[in-house]
$ cat start_32.csv   # CSV, C-alpha atoms and all ligand atoms
chain,number,residue,atom,x,y,z
A,52,MET,CA,-15.5,32.2,-3.4
A,53,SER,CA,-13.2,33.1,-0.5
A,54,GLN,CA,-9.7,34.5,-1.0
A,55,LEU,CA,-8.3,31.2,0.3
A,56,VAL,CA,-9.3,29.6,-3.1
A,57,SER,CA,-6.7,30.2,-5.8
A,58,ASP,CA,-7.3,30.0,-9.6
A,59,ALA,CA,-5.9,26.4,-9.7
A,60,MET,CA,-8.2,25.4,-6.9
A,61,LYS,CA,-11.2,27.0,-8.8
A,62,GLN,CA,-10.3,24.9,-11.8
A,63,GLN,CA,-10.4,21.7,-9.7
A,64,ALA,CA,-13.6,22.8,-8.0
A,65,ALA,CA,-15.2,23.3,-11.5
A,66,LEU,CA,-14.1,19.7,-12.5
A,67,LEU,CA,-15.6,18.3,-9.2
A,68,SER,CA,-18.9,20.1,-9.7
A,69,MET,CA,-19.1,18.8,-13.3
A,70,LEU,CA,-18.5,15.2,-12.0
A,71,ARG,CA,-21.2,15.7,-9.4
A,72,ARG,CA,-23.6,17.3,-11.9
A,73,GLU,CA,-23.1,14.3,-14.3
A,74,ASN,CA,-23.6,11.9,-11.3
A,75,ILE,CA,-20.3,10.2,-12.0
A,76,TYR,CA,-18.5,11.2,-8.7
A,77,THR,CA,-17.9,8.0,-6.8
A,78,TYR,CA,-15.5,9.1,-4.0
A,79,SER,CA,-16.2,8.9,-0.3
A,80,LEU,CA,-19.6,7.2,-0.7
A,81,GLU,CA,-21.4,6.2,2.5
A,82,VAL,CA,-20.4,2.6,3.5
A,83,SER,CA,-22.7,0.9,6.0
A,84,SER,CA,-21.2,-2.6,6.5
A,85,SER,CA,-17.9,-4.2,7.3
A,86,CYS,CA,-15.2,-4.5,4.6
A,87,SER,CA,-15.9,-8.0,3.4
A,88,ASN,CA,-16.0,-9.4,-0.2
A,89,HIS,CA,-19.4,-7.8,-0.3
A,90,ILE,CA,-19.9,-4.3,1.0
A,91,VAL,CA,-23.0,-2.1,1.5
A,92,VAL,CA,-22.5,1.3,-0.2
A,93,SER,CA,-25.1,4.0,-0.7
A,94,GLY,CA,-27.7,1.6,0.7
A,95,ALA,CA,-27.1,-1.4,-1.6
A,96,GLU,CA,-24.8,-4.5,-1.5
A,97,ARG,CA,-21.9,-4.5,-4.1
A,98,ILE,CA,-18.9,-6.7,-4.8
A,99,ASN,CA,-16.0,-5.1,-3.0
A,100,PHE,CA,-12.9,-4.3,-5.1
A,101,ILE,CA,-12.0,-1.0,-3.4
A,102,SER,CA,-10.2,-2.2,-0.3
A,103,ASN,CA,-6.7,-3.3,0.5
A,104,ASN,CA,-8.0,-5.8,3.0
A,105,TYR,CA,-6.4,-8.4,0.7
A,106,LEU,CA,-6.6,-11.3,3.1
A,107,GLY,CA,-10.0,-10.4,4.6
A,108,PHE,CA,-8.5,-10.3,8.1
A,109,SER,CA,-10.3,-7.2,9.2
A,110,THR,CA,-13.4,-9.4,9.8
A,111,HIS,CA,-11.7,-12.7,10.7
A,112,PRO,CA,-13.4,-14.0,13.9
A,113,LYS,CA,-10.1,-14.7,15.7
A,114,VAL,CA,-9.0,-11.1,15.0
A,115,LEU,CA,-12.2,-9.7,16.3
A,116,GLU,CA,-11.9,-11.9,19.4
A,117,ALA,CA,-8.5,-10.5,20.1
A,118,VAL,CA,-9.7,-6.9,19.6
A,119,LYS,CA,-12.5,-7.6,22.1
A,120,ARG,CA,-10.0,-8.8,24.7
A,121,GLY,CA,-7.9,-5.7,23.9
A,122,VAL,CA,-10.9,-3.4,24.6
A,123,GLU,CA,-11.7,-5.2,27.8
A,124,LEU,CA,-8.1,-4.8,29.1
A,125,TYR,CA,-7.2,-1.3,27.8
A,126,GLY,CA,-10.4,0.5,26.7
A,127,LEU,CA,-10.7,2.6,23.6
A,128,GLY,CA,-7.3,4.1,23.5
A,129,ILE,CA,-4.2,4.7,25.7
A,130,GLY,CA,-4.4,8.6,25.7
A,131,GLY,CA,-0.7,9.4,25.1
A,132,SER,CA,2.2,9.3,22.7
A,133,PRO,CA,4.4,6.2,22.5
A,134,MET,CA,7.1,8.1,24.5
A,135,ALA,CA,4.6,9.0,27.2
A,136,CYS,CA,2.1,6.3,28.4
A,137,GLY,CA,1.4,4.9,24.9
A,138,THR,CA,3.7,1.8,24.8
A,139,THR,CA,1.9,-1.1,26.5
A,140,ASP,CA,3.0,-4.7,26.9
A,141,ILE,CA,1.1,-5.6,23.7
A,142,HIS,CA,2.8,-2.8,21.7
A,143,TYR,CA,6.2,-4.3,22.8
A,144,ARG,CA,5.0,-7.8,21.9
A,145,LEU,CA,4.0,-6.7,18.4
A,146,GLN,CA,7.3,-4.8,17.9
A,147,ASP,CA,9.2,-7.9,18.8
A,148,LYS,CA,7.2,-10.1,16.6
A,149,ILE,CA,7.7,-7.8,13.5
A,150,ALA,CA,11.5,-7.5,14.3
A,151,ARG,CA,11.7,-11.3,14.4
A,152,LEU,CA,9.6,-11.8,11.2
A,153,TYR,CA,11.9,-9.4,9.2
A,154,GLU,CA,15.0,-10.7,11.0
A,155,ARG,CA,15.9,-7.2,12.3
A,156,GLU,CA,17.3,-6.2,15.7
A,157,ALA,CA,14.4,-3.8,16.5
A,158,CYS,CA,11.0,-2.4,15.4
A,159,VAL,CA,8.9,0.5,16.4
A,160,LEU,CA,5.1,1.1,15.9
A,161,LEU,CA,3.7,4.4,14.5
A,162,ALA,CA,0.1,5.5,14.2
A,163,SER,CA,-0.1,4.9,10.4
A,164,GLY,CA,1.8,3.7,7.4
A,165,TYR,CA,2.1,7.3,6.2
A,166,GLN,CA,3.8,8.2,9.5
A,167,ALA,CA,6.1,5.2,9.3
A,168,LEU,CA,7.4,6.4,6.0
A,169,LEU,CA,7.8,10.0,7.3
A,170,GLY,CA,9.5,8.8,10.4
A,171,SER,CA,11.8,6.3,8.8
A,172,ILE,CA,13.0,8.7,6.2
A,173,GLN,CA,13.4,11.7,8.5
A,174,ALA,CA,15.5,9.4,10.8
A,175,ALA,CA,17.6,8.0,8.1
A,176,ILE,CA,18.7,11.1,6.1
A,177,GLY,CA,19.0,14.9,6.3
A,178,LYS,CA,20.7,17.9,4.7
A,179,GLY,CA,23.8,16.9,2.7
A,180,ASP,CA,22.2,13.5,1.8
A,181,VAL,CA,20.2,12.4,-1.2
A,182,ALA,CA,17.1,10.2,-1.6
A,183,LEU,CA,17.0,8.2,-4.8
A,184,LEU,CA,13.3,7.4,-5.5
A,185,ASP,CA,11.7,5.1,-8.0
A,186,SER,CA,9.4,7.4,-9.9
A,187,LEU,CA,6.2,5.6,-8.8
A,188,VAL,CA,6.8,5.5,-5.1
A,189,HIS,CA,3.9,6.4,-2.8
A,190,ARG,CA,3.3,10.0,-1.8
A,191,SER,CA,4.2,9.3,1.8
A,192,ILE,CA,7.8,8.7,0.7
A,193,VAL,CA,8.0,11.9,-1.3
A,194,ASP,CA,6.6,13.8,1.8
A,195,GLY,CA,9.1,12.0,4.0
A,196,VAL,CA,12.0,13.1,1.9
A,197,THR,CA,10.7,16.7,1.9
A,198,LEU,CA,10.5,16.6,5.7
A,199,SER,CA,14.0,15.2,6.0
A,200,GLY,CA,15.6,18.2,4.3
A,201,SER,CA,17.7,15.9,2.0
A,202,ASP,CA,17.9,16.3,-1.8
A,203,ARG,CA,15.6,14.1,-4.0
A,204,ARG,CA,16.4,12.5,-7.3
A,205,MET,CA,14.0,10.2,-9.2
A,206,TRP,CA,14.9,7.2,-11.4
A,207,LEU,CA,12.6,5.6,-14.0
A,208,HIS,CA,10.1,3.1,-12.6
A,209,ASN,CA,11.7,-0.3,-11.9
A,210,ASP,CA,14.6,0.5,-14.3
A,211,THR,CA,17.7,-0.5,-12.3
A,212,GLN,CA,20.0,0.6,-15.2
A,213,ASP,CA,18.7,4.1,-14.8
A,214,LEU,CA,19.3,3.9,-11.0
A,215,GLU,CA,22.8,2.6,-11.7
A,216,SER,CA,23.7,5.6,-13.8
A,217,LEU,CA,22.1,8.0,-11.3
A,218,LEU,CA,24.2,6.4,-8.5
A,219,ALA,CA,27.4,6.8,-10.5
A,220,ARG,CA,26.5,10.5,-11.2
A,221,VAL,CA,25.7,11.5,-7.6
A,222,ARG,CA,27.8,9.3,-5.4
A,223,THR,CA,30.6,11.9,-4.9
A,224,LYS,CA,28.3,14.8,-4.2
A,225,TYR,CA,26.5,13.5,-1.1
A,226,ALA,CA,27.4,12.2,2.3
A,227,ARG,CA,24.9,9.4,2.0
A,228,MET,CA,22.5,8.0,-0.6
A,229,LEU,CA,19.2,6.3,0.4
A,230,ILE,CA,17.5,4.2,-2.3
A,231,ILE,CA,13.7,4.0,-1.6
A,232,VAL,CA,11.2,1.7,-3.3
A,233,ASP,CA,7.8,0.3,-2.8
A,234,SER,CA,8.0,-3.4,-2.6
A,235,VAL,CA,4.8,-3.7,-4.5
A,236,TYR,CA,3.6,-0.6,-6.4
A,237,SER,CA,0.2,0.7,-5.2
A,238,MET,CA,-1.2,1.7,-8.6
A,239,ASP,CA,0.4,-0.9,-10.9
A,240,GLY,CA,0.7,-4.0,-8.8
A,241,ASP,CA,4.3,-4.9,-10.0
A,242,TRP,CA,7.2,-5.4,-7.6
A,243,ALA,CA,10.7,-4.2,-7.0
A,244,ASP,CA,13.8,-6.1,-8.2
A,245,LEU,CA,15.3,-6.7,-4.7
A,246,PRO,CA,18.4,-8.7,-5.8
A,247,GLU,CA,19.5,-6.0,-8.3
A,248,LEU,CA,18.8,-3.2,-5.8
A,249,TYR,CA,20.9,-5.0,-3.3
A,250,ARG,CA,23.7,-5.5,-5.8
A,251,LEU,CA,23.6,-1.8,-6.6
A,252,LYS,CA,23.5,-0.5,-3.1
A,253,GLU,CA,26.5,-2.7,-2.1
A,254,GLU,CA,28.5,-1.6,-5.2
A,255,HIS,CA,27.8,2.1,-4.7
A,256,GLY,CA,27.8,2.3,-0.9
A,257,ALA,CA,24.2,3.3,-0.7
A,258,LEU,CA,21.4,2.4,1.8
A,259,LEU,CA,18.1,0.7,0.9
A,260,LEU,CA,14.7,1.4,2.4
A,261,ILE,CA,11.7,-0.6,1.3
A,262,ASP,CA,8.0,0.1,1.8
A,263,GLU,CA,6.2,-3.2,2.5
A,264,ALA,CA,2.6,-1.7,2.3
A,265,HIS,CA,1.2,-4.0,-0.4
A,266,SER,CA,3.7,-6.8,-0.1
A,267,LEU,CA,3.4,-8.0,3.5
A,268,GLY,CA,0.9,-10.8,3.7
A,269,VAL,CA,0.9,-11.2,0.0
A,270,LEU,CA,4.4,-12.0,-1.3
A,271,GLY,CA,6.8,-14.7,0.0
A,272,LYS,CA,6.6,-18.4,1.0
A,273,ARG,CA,5.3,-17.3,4.5
A,274,GLY,CA,3.7,-14.1,3.4
A,275,TYR,CA,6.6,-12.1,4.9
A,276,GLY,CA,6.8,-9.8,1.9
A,277,LEU,CA,9.5,-8.9,-0.7
A,278,PRO,CA,12.5,-10.1,1.3
A,279,ASP,CA,10.8,-13.4,1.9
A,280,HIS,CA,9.8,-13.7,-1.8
A,281,PHE,CA,13.5,-13.4,-2.8
A,282,ASP,CA,14.8,-15.2,0.3
A,283,MET,CA,17.0,-12.1,1.0
A,284,PRO,CA,16.0,-11.1,4.5
A,285,HIS,CA,19.0,-8.9,5.0
A,286,ALA,CA,18.9,-7.0,1.6
A,287,PRO,CA,17.2,-3.8,2.8
A,288,ASP,CA,18.7,-1.7,5.6
A,289,VAL,CA,15.3,-0.4,6.7
A,290,ILE,CA,11.8,-1.8,6.3
A,291,ALA,CA,8.7,0.3,6.7
A,292,GLY,CA,5.1,-1.0,6.5
A,293,THR,CA,1.5,-0.6,7.4
A,294,PHE,CA,-1.3,-2.6,9.0
A,295,SER,CA,-3.9,-1.0,6.7
A,296,LYS,CA,-3.5,-3.5,3.9
A,297,PHE,CA,-2.6,-7.1,5.1
A,298,ALA,CA,-4.6,-6.7,8.3
A,299,GLY,CA,-7.2,-4.2,7.0
A,300,ALA,CA,-6.6,-2.2,10.1
A,301,VAL,CA,-4.6,1.0,10.7
A,302,GLY,CA,-1.0,1.6,12.0
A,303,GLY,CA,2.5,1.4,10.8
A,304,PHE,CA,6.0,0.1,11.7
A,305,VAL,CA,9.6,0.6,11.0
A,306,ALA,CA,12.2,-2.3,11.4
A,307,GLY,CA,15.9,-2.0,11.3
A,308,PRO,CA,19.1,-2.0,13.4
A,309,ALA,CA,18.6,-1.3,17.1
A,310,ASP,CA,20.7,1.9,17.1
A,311,PHE,CA,18.7,3.3,14.1
A,312,ILE,CA,15.3,2.5,15.7
A,313,ASP,CA,16.5,4.2,18.9
A,314,HIS,CA,17.5,7.2,17.0
A,315,LEU,CA,14.1,7.3,15.2
A,316,ARG,CA,12.3,7.1,18.6
A,317,HIS,CA,14.2,10.2,19.7
A,318,ASN,CA,14.2,12.2,16.5
A,319,ALA,CA,11.3,11.4,14.2
A,320,SER,CA,8.5,13.9,14.6
A,321,ALA,CA,5.8,11.5,13.2
A,322,TYR,CA,6.7,9.2,16.1
A,323,ILE,CA,7.2,11.7,18.9
A,324,PHE,CA,4.3,14.1,18.3
A,325,SER,CA,1.4,11.8,17.6
A,326,ALA,CA,-0.7,9.5,19.8
A,327,SER,CA,0.0,5.8,20.1
A,328,LEU,CA,-1.9,3.1,18.3
A,329,PRO,CA,-5.0,2.0,20.3
A,330,PRO,CA,-4.1,-1.3,22.1
A,331,MET,CA,-7.2,-2.9,20.8
A,332,THR,CA,-5.9,-2.4,17.3
A,333,VAL,CA,-2.5,-3.7,18.3
A,334,ALA,CA,-4.2,-6.8,19.7
A,335,GLY,CA,-6.0,-7.4,16.4
A,336,VAL,CA,-2.9,-6.8,14.3
A,337,ASN,CA,-0.9,-9.2,16.6
A,338,LYS,CA,-3.5,-11.9,15.8
A,339,SER,CA,-3.3,-11.1,12.1
A,340,PHE,CA,0.4,-11.7,12.1
A,341,GLU,CA,-0.2,-15.1,13.8
A,342,LEU,CA,-2.8,-16.0,11.1
A,343,LEU,CA,-0.1,-15.6,8.4
A,344,ASP,CA,1.5,-18.8,9.9
A,345,GLU,CA,-1.6,-20.4,11.3
A,346,GLU,CA,-3.9,-20.1,8.3
A,347,PRO,CA,-1.8,-19.9,5.1
A,348,GLN,CA,-4.9,-20.9,3.1
A,349,TRP,CA,-5.9,-17.2,2.9
A,350,ARG,CA,-2.7,-16.4,1.0
A,351,GLN,CA,-3.3,-19.4,-1.2
A,352,ASN,CA,-6.9,-18.3,-1.9
A,353,LEU,CA,-5.6,-14.8,-2.7
A,354,TRP,CA,-3.1,-16.1,-5.3
A,355,ASP,CA,-5.7,-18.4,-6.9
A,356,ASN,CA,-8.0,-15.4,-7.2
A,357,ILE,CA,-5.3,-13.1,-8.6
A,358,SER,CA,-4.3,-15.5,-11.4
A,359,TYR,CA,-7.9,-16.4,-12.2
A,360,PHE,CA,-9.0,-12.7,-12.3
A,361,LEU,CA,-6.0,-11.4,-14.2
A,362,LYS,CA,-6.4,-14.1,-16.8
A,363,GLY,CA,-10.1,-13.3,-17.2
A,364,LEU,CA,-9.5,-9.6,-17.6
A,365,ASN,CA,-6.7,-10.2,-20.2
A,366,VAL,CA,-8.8,-12.6,-22.2
A,367,LEU,CA,-11.5,-9.9,-22.4
A,368,GLY,CA,-8.9,-7.5,-23.8
A,369,PHE,CA,-8.4,-5.2,-20.8
A,370,ASP,CA,-5.0,-3.6,-20.3
A,371,THR,CA,-3.9,-4.5,-16.8
A,372,GLY,CA,-0.4,-3.1,-17.2
A,373,PRO,CA,2.5,-4.9,-15.4
A,374,SER,CA,0.3,-6.2,-12.5
A,375,ARG,CA,1.3,-9.5,-10.9
A,376,THR,CA,-0.3,-9.1,-7.5
A,377,ALA,CA,-3.6,-8.2,-5.7
A,378,VAL,CA,-3.4,-4.7,-7.1
A,379,VAL,CA,-5.0,-4.9,-10.5
A,380,PRO,CA,-5.3,-1.7,-12.7
A,381,LEU,CA,-7.8,-1.5,-15.6
A,382,ILE,CA,-6.0,1.1,-17.6
A,383,ILE,CA,-8.4,3.3,-19.5
A,384,ARG,CA,-6.2,6.3,-20.4
A,385,ASP,CA,-9.1,8.9,-20.3
A,386,VAL,CA,-10.3,10.7,-17.2
A,387,GLU,CA,-13.9,11.1,-18.2
A,388,LYS,CA,-14.3,7.5,-19.5
A,389,THR,CA,-12.7,6.3,-16.3
A,390,MET,CA,-15.2,8.1,-14.1
A,391,ILE,CA,-18.1,7.0,-16.3
A,392,PHE,CA,-16.8,3.3,-16.3
A,393,ASN,CA,-16.6,3.4,-12.5
A,394,LYS,CA,-20.2,4.8,-12.2
A,395,MET,CA,-21.6,2.2,-14.6
A,396,ILE,CA,-20.0,-0.8,-12.9
A,397,PHE,CA,-21.1,0.7,-9.5
A,398,ASP,CA,-24.7,0.7,-10.8
A,399,GLU,CA,-24.2,-2.9,-11.9
A,400,GLY,CA,-23.1,-3.9,-8.3
A,401,VAL,CA,-19.3,-3.6,-8.4
A,402,PHE,CA,-17.5,-1.1,-6.2
A,403,ALA,CA,-14.0,0.1,-7.2
A,404,SER,CA,-11.8,3.2,-7.2
A,405,PRO,CA,-11.3,5.5,-10.2
A,406,ILE,CA,-7.7,6.7,-10.2
A,407,VAL,CA,-7.2,9.9,-12.2
A,408,HIS,CA,-5.0,13.1,-12.0
A,409,PRO,CA,-3.3,14.0,-9.7
A,410,ALA,CA,-2.8,10.4,-8.5
A,411,VAL,CA,-1.7,9.4,-12.0
A,412,PRO,CA,-1.2,11.5,-15.2
A,413,PRO,CA,-4.4,11.8,-17.3
A,414,ALA,CA,-3.2,9.4,-20.0
A,415,GLU,CA,-2.7,6.8,-17.2
A,416,SER,CA,-6.3,7.1,-15.8
A,417,ARG,CA,-7.5,3.8,-14.6
A,418,ILE,CA,-9.8,1.8,-12.3
A,419,ARG,CA,-7.9,0.2,-9.4
A,420,LEU,CA,-9.1,-3.2,-8.3
A,421,GLY,CA,-8.1,-4.9,-5.1
A,422,VAL,CA,-8.5,-8.7,-5.2
A,423,MET,CA,-9.4,-10.3,-1.9
A,424,ALA,CA,-8.8,-13.9,-0.6
A,425,THR,CA,-12.4,-13.9,0.4
A,426,HIS,CA,-13.8,-13.2,-3.2
A,427,THR,CA,-15.7,-16.3,-4.4
A,428,ARG,CA,-15.5,-17.6,-7.9
A,429,GLU,CA,-19.0,-16.3,-8.4
A,430,ASP,CA,-17.9,-12.8,-7.3
A,431,LEU,CA,-15.1,-12.8,-9.8
A,432,ASP,CA,-17.2,-14.3,-12.7
A,433,ARG,CA,-20.0,-11.8,-12.0
A,434,SER,CA,-17.6,-8.9,-12.0
A,435,LEU,CA,-15.9,-10.0,-15.2
A,436,GLY,CA,-19.4,-10.1,-16.8
A,437,VAL,CA,-20.0,-6.5,-15.7
A,438,PHE,CA,-16.6,-5.3,-16.9
A,439,GLU,CA,-17.2,-7.0,-20.3
A,440,LYS,CA,-20.6,-5.4,-20.7
A,441,VAL,CA,-19.5,-1.9,-19.6
A,442,GLY,CA,-16.1,-2.1,-21.4
A,443,LYS,CA,-17.8,-3.0,-24.7
A,444,LYS,CA,-20.4,-0.2,-24.3
A,445,LEU,CA,-17.7,2.4,-23.7
A,446,GLU,CA,-15.5,0.9,-26.5
A,447,ILE,CA,-12.7,0.2,-24.0
A,448,ILE,CA,-12.4,-3.5,-25.2
B,501,LIG,C1,2.7,2.1,-0.9
B,501,LIG,C2,2.0,2.7,0.3
B,501,LIG,N1,2.8,3.2,1.3
B,501,LIG,C3,2.3,3.8,2.4
B,501,LIG,C4,0.9,4.0,2.5
B,501,LIG,C5,0.4,4.7,3.7
B,501,LIG,O1,-0.2,3.7,4.5
B,501,LIG,P1,-1.5,4.1,5.5
B,501,LIG,O2,-2.7,4.3,4.6
B,501,LIG,O3,-1.6,2.9,6.3
B,501,LIG,O4,-1.1,5.3,6.3
B,501,LIG,C6,0.1,3.5,1.5
B,501,LIG,C7,-1.4,3.7,1.6
B,501,LIG,O5,-2.1,4.0,0.7
B,501,LIG,C8,0.6,2.9,0.3
B,501,LIG,O6,-0.1,2.5,-0.7

$ encode --input "start_32.csv" --output "structure tokens"
Amino acid sequence: MSQLVSDAMKQQAALLSMLRRENIYTYSLEVSSSCSNHIVVSGAERINFISNNYLGFSTHPKVLEAVKRGVELYGLGIGGSPMACGTTDIHYRLQDKIARLYEREACVLLASGYQALLGSIQAAIGKGDVALLDSLVHRSIVDGVTLSGSDRRMWLHNDTQDLESLLARVRTKYARMLIIVDSVYSMDGDWADLPELYRLKEEHGALLLIDEAHSLGVLGKRGYGLPDHFDMPHAPDVIAGTFSKFAGAVGGFVAGPADFIDHLRHNASAYIFSASLPPMTVAGVNKSFELLDEEPQWRQNLWDNISYFLKGLNVLGFDTGPSRTAVVPLIIRDVEKTMIFNKMIFDEGVFASPIVHPAVPPAESRIRLGVMATHTREDLDRSLGVFEKVGKKLEII
């Protein structure tokens, strides 16, 4: 092995080669179809539980029509950063739409959700400030804080009492405090307590940034995410999000006060030094936002599927943790069993993600299932049958 590979890397390489030898490595398999409720993987059709395309919009005919028009008008890409030639009329239209939807003064688009988190955090805080993170926030948030140069303190997951005592301990030590949460947690499927977070931020003079990745399109009367769910549109100071989940596309956004968004545009490296989103993608995402209002039946289907599926799994005896949304974990608590379970359900025609260390601690190893609005009752029943068969064989249930 080359000198580039350290001892820790060798350990990981040994684990990976064991998984491949045992034929239980199921990452990055070759997909040769669109991301629908069924998906063709390694040459065979399977029921799709691996995607975050919760509403099924990535293949919606009206979205594809909008993308086609985008290609005709603008071609494959725009060939520049947003500050150069990368902000077209449809980029402006989408920014305005998101700002209106979240009741903010302004919004800016970035090339991914990851970059939206990097950019929003780097623009909001710096040296002398502190970020107060829920312990289960997404990695993009942790990386954003590192990039910002501010201090980082963690509080126990969804434990606002722990946050309150942390706020009381640090408030005199820092110029500014930024509380950051995922609206819906990407591995557990539970959501943040926005009313309590708002109370604490007001009481302690802190700021609040929420990551709407798994919440937009899913939560709220109109599908406008966590602030919509609690009817508290002004509770967060900054809202970041992605188009890779509710629209099944790619791209990110940050919404907030106009002066803050202007500051981000001139200071956030993830915005300044990266190419703009292709207009065809922006056109498709624009249509996806319209569909939230025009076709609410997708959100209704999704929630019907979530409650049917969660109930079915719990009746079988699976541990689905605190999940209440389209993100459903099957908590197995053993790395090897998790990998074997995933391979066995794959062989039975169900495609899902095994989540093991370093994404979660080994004792939290799990299968992550993404419920879709386009799953049929037959898809869900067939999958429950497969989970029951494999779960019993491996003595998980
Ligand atoms: C909670 C959360 N935030 C941010 C991101 C990053 O979004 P994207 O994949 O669109 O860059 C993800 C993606 O996995 C996520 O789950």

$ closest_residue --input "start_32.csv" --among "A:Leu251, A:Leu343, A:Cys136, A:Ala243" --to "Asp185 of chain A" --atoms "all atoms listed in the file"
A:Ala243

$ residues_near_ligand --input "start_32.csv" --ligand "ligand LIG 501 (chain B)" --cutoff "7 Å" --atoms "only C-alpha atoms and all ligand atoms" --output "ChimeraX atom specification"
/A:163-166,168,188-189,191,233,236-237,262,264-265,292-295,301-303

$ atom_distance --input "start_32.csv" --atom1 "atom CA of Pro409 of chain A" --atom2 "atom CA of Ile172 of chain A"
23.4 Å

$ closest_residue --input "start_32.csv" --among "A:Leu198, A:Ala306, A:Leu67, A:Ile357" --to "Lys148 of chain A" --atoms "all atoms listed in the file"
A:Ala306

$ residues_around --input "start_32.csv" --residues "Ile176 of chain A" --least-positions-apart "5" --cutoff "9 Å" --atoms "only C-alpha atoms" --output "PyMOL selection string"
chain A and resi 171+181-182+196+199-201+227-229

$ residues_around --input "start_32.csv" --residues "Glu247 of chain A" --least-positions-apart "4" --cutoff "10 Å" --atoms "only C-alpha atoms" --output "ChimeraX atom specification"
/A:211-212,215,243,251-253,286

$ atom_distance --input "start_32.csv" --atom1 "atom CA of Ala424 of chain A" --atom2 "atom CA of Gln351 of chain A"
7.8 Å

$ closest_residue --input "start_32.csv" --among "A:Val193, A:Ala377, A:Ile90, A:Leu353" --to "Asn103 of chain A" --atoms "all atoms listed in the file"
A:Ala377

$ decode --input "start_32.csv" --residues "segment 402-439 of chain A" --atoms "C-alpha atoms" --output "short mmCIF file (atom, residue, chain, number, x, y, z; two decimals), in the first residue's frame"
data_model
loop_
_atom_site.label_atom_id
_atom_site.label_comp_id
_atom_site.auth_asym_id
_atom_site.auth_seq_id
_atom_site.Cartn_x
_atom_site.Cartn_y
_atom_site.Cartn_z
CA PHE A 402 -33.34 -1.86 -2.09
CA ALA A 403 -32.38 0.13 1.04
CA SER A 404 -29.34 1.72 2.74
CA PRO A 405 -27.35 0.12 5.54
CA ILE A 406 -26.18 2.87 7.93
CA VAL A 407 -23.18 1.90 10.04
CA HIS A 408 -20.10 3.53 11.58
CA PRO A 409 -18.95 6.30 10.99
CA ALA A 410 -22.44 7.60 10.01
CA VAL A 411 -23.81 6.30 13.35
CA PRO A 412 -22.10 4.57 16.33
CA PRO A 413 -21.87 0.73 15.88
CA ALA A 414 -24.58 0.15 18.52
CA GLU A 415 -26.91 2.36 16.48
CA SER A 416 -26.40 0.44 13.20
CA ARG A 417 -29.55 0.44 11.15
CA ILE A 418 -31.26 0.15 7.79
CA ARG A 419 -32.55 3.51 6.59
CA LEU A 420 -35.82 3.40 4.64
CA GLY A 421 -37.20 6.33 2.66
CA VAL A 422 -40.97 6.08 2.21
CA MET A 423 -42.32 7.53 -1.06
CA ALA A 424 -45.69 8.98 -2.02
CA THR A 425 -45.57 6.73 -5.08
CA HIS A 426 -45.20 3.45 -3.15
CA THR A 427 -48.30 1.35 -3.69
CA ARG A 428 -49.99 -0.64 -0.93
CA GLU A 429 -48.68 -3.74 -2.69
CA ASP A 430 -45.09 -2.37 -2.53
CA LEU A 431 -45.44 -1.76 1.21
CA ASP A 432 -47.08 -5.13 1.94
CA ARG A 433 -44.49 -7.03 -0.12
CA SER A 434 -41.66 -5.22 1.66
CA LEU A 435 -43.16 -5.88 5.09
CA GLY A 436 -43.32 -9.58 4.15
CA VAL A 437 -39.63 -9.55 3.17
CA PHE A 438 -38.62 -7.71 6.37
CA GLU A 439 -40.59 -10.22 8.46
#
